[in-house]
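This is entry-v1.cif. It holds mmCIF, C-alpha atoms and all ligand atoms.
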```
data_model
loop_
_atom_site.label_atom_id
_atom_site.label_comp_id
_atom_site.auth_asym_id
_atom_site.auth_seq_id
_atom_site.Cartn_x
_atom_site.Cartn_y
_atom_site.Cartn_z
CA MET A 1 55.00 -88.26 48.35
CA THR A 2 53.96 -90.27 45.37
CA THR A 3 53.33 -89.07 41.89
CA ASP A 4 50.45 -91.05 40.50
CA GLY A 5 50.35 -89.72 37.01
CA ASN A 6 47.87 -86.85 36.85
CA ILE A 7 46.40 -87.10 40.33
CA PHE A 8 46.00 -83.76 42.03
CA ARG A 9 44.65 -83.11 45.47
CA CYS A 10 42.03 -80.60 46.47
CA PRO A 11 43.77 -77.88 48.52
CA ALA A 12 40.63 -77.48 50.62
CA CYS A 13 39.77 -81.05 51.62
CA GLY A 14 42.62 -83.17 50.27
CA LYS A 15 40.47 -85.35 48.06
CA PRO A 16 42.01 -86.43 44.79
CA VAL A 17 41.02 -84.30 41.85
CA PRO A 18 40.80 -86.21 38.56
CA ALA A 19 42.44 -83.87 36.08
CA PRO A 20 43.20 -80.25 35.28
CA SER A 21 40.25 -80.38 32.92
CA HIS A 22 38.00 -80.67 35.95
CA PRO A 23 35.67 -77.63 36.05
CA SER A 24 36.63 -76.76 39.61
CA PHE A 25 40.32 -77.61 39.30
CA PRO A 26 42.44 -77.56 41.39
CA PHE A 27 39.53 -78.14 43.77
CA CYS A 28 37.41 -81.27 43.84
CA SER A 29 34.21 -79.26 43.77
CA ASP A 30 32.86 -75.77 43.47
CA ARG A 31 32.09 -75.84 47.16
CA CYS A 32 35.72 -76.46 48.08
CA ARG A 33 36.77 -73.75 45.70
CA LEU A 34 34.52 -71.24 47.45
CA ILE A 35 35.66 -72.43 50.88
CA ASP A 36 39.28 -71.93 49.99
CA LEU A 37 38.59 -68.64 48.31
CA SER A 38 36.79 -67.26 51.37
CA ASN A 39 39.60 -68.50 53.61
CA TRP A 40 42.10 -66.78 51.41
CA ILE A 41 40.19 -63.51 51.41
CA GLU A 42 39.73 -63.61 55.17
CA GLU A 43 43.40 -64.21 55.66
CA LYS A 44 44.27 -61.41 53.33
CA TYR A 45 42.14 -58.92 55.19
CA THR A 46 42.87 -60.07 58.74
CA VAL A 47 46.55 -60.87 58.64
CA ALA A 48 48.70 -57.89 57.85
CA ARG A 49 52.01 -59.49 57.22
CA PRO A 50 54.96 -57.42 56.03
CA LEU A 51 56.19 -58.49 52.68
CA GLU A 52 59.59 -60.00 52.67
CA PRO A 53 62.04 -58.44 50.28
CA ASP A 54 62.97 -60.57 47.37
CA GLU A 55 66.09 -62.41 48.21
CA GLU A 56 68.34 -62.93 45.30
CA PRO A 57 69.97 -66.33 45.30
CA ASP A 58 73.71 -66.43 45.35
CA VAL A 59 74.72 -66.60 41.77
CA ALA A 60 78.31 -67.39 40.99
CA PRO A 61 79.77 -64.96 38.53
CA PRO A 62 80.37 -66.45 35.12
CA ALA A 63 83.83 -67.77 34.61
CA GLY A 64 85.91 -65.13 32.88
CA PRO A 65 88.37 -65.82 30.14
CA SER A 66 91.03 -68.17 31.39
CA PRO A 67 94.44 -66.54 31.67
CA GLN A 68 96.12 -68.03 28.69
CA ALA A 69 99.36 -66.62 27.34
ZN ZN A 101 37.64 -80.64 48.03
#
```

Produce structure tokens that represent the structure in this file.
Amino acid sequence: MTTDGNIFRCPACGKPVPAPSHPSFPFCSDRCRLIDLSNWIEEKYTVARPLEPDEEPDVAPPAGPSPQA
């Protein structure tokens, strides 16, 4: 994966999207935005997936005061 400055890719068709200031960002066009949106809605209503519980990452306890005499 390359990072070419501010080049983003349309999630719907993969075409490069110029900049976040683009009116349809992150999509290359309004059409792609609608396509993705409809896909998303369909998925939401057709796929009933159980939510996974939030898994807390293993966090090491902070180092306590060192045993100094
Ligand atoms: Zn697109």

To check your reading of the model: which residues sit at most 7 Å from ligand ZN 101 (chain A) when counting only C-alpha atoms and all ligand atoms? Write the answer as a list in words.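 The neighbouring residues of ligand ZN 101 (chain A) are, in order, Cys10, Pro11, Ala12, Cys13, Gly14, Lys15, Phe27, Cys28, Ser29 and Cys32 of chain A.
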
Do you have the CA of Ser24 in chain A-CA of Glu43 in chain A distance handy?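 Calculated distance between CA of Ser24 in chain A and CA of Glu43 in chain A is 21.5 Å.
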
Can you pull out the residues contacting Pro26 in chain A? Cut-off 8 Å, using all atoms listed in the file, and skip same-chain residues under 4 positions away; I want them as a list of chain:residue names.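 Residues near the query, excluding close chain neighbours: A:Phe8, A:Arg9, A:Cys10, A:Pro11, A:Val17, A:Pro20, A:His22.
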
Around all the atoms of range 15-33 of chain A listed in the file, draw an axis-aligned box and extend it by 6 Å on each of the six sides; I want its centre and edge lengths in Å to one decimal, as AutoDock Vina command-line options.
```
--center_x 37.6 --center_y -80.1 --center_z 40.5 --size_x 23.1 --size_y 24.7 --size_z 27.2
```

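Reported to one decimal place, the separation of CA of Ser21 in chain A from CA of Asp36 in chain A is 19.1 Å.
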
Give me, please, the distance in Å between CA of Asp54 in chain A and CA of Asn39 in chain A, quoted to one decimal.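 Pair CA of Asp54 in chain A / CA of Asn39 in chain A returns 25.5 Å.
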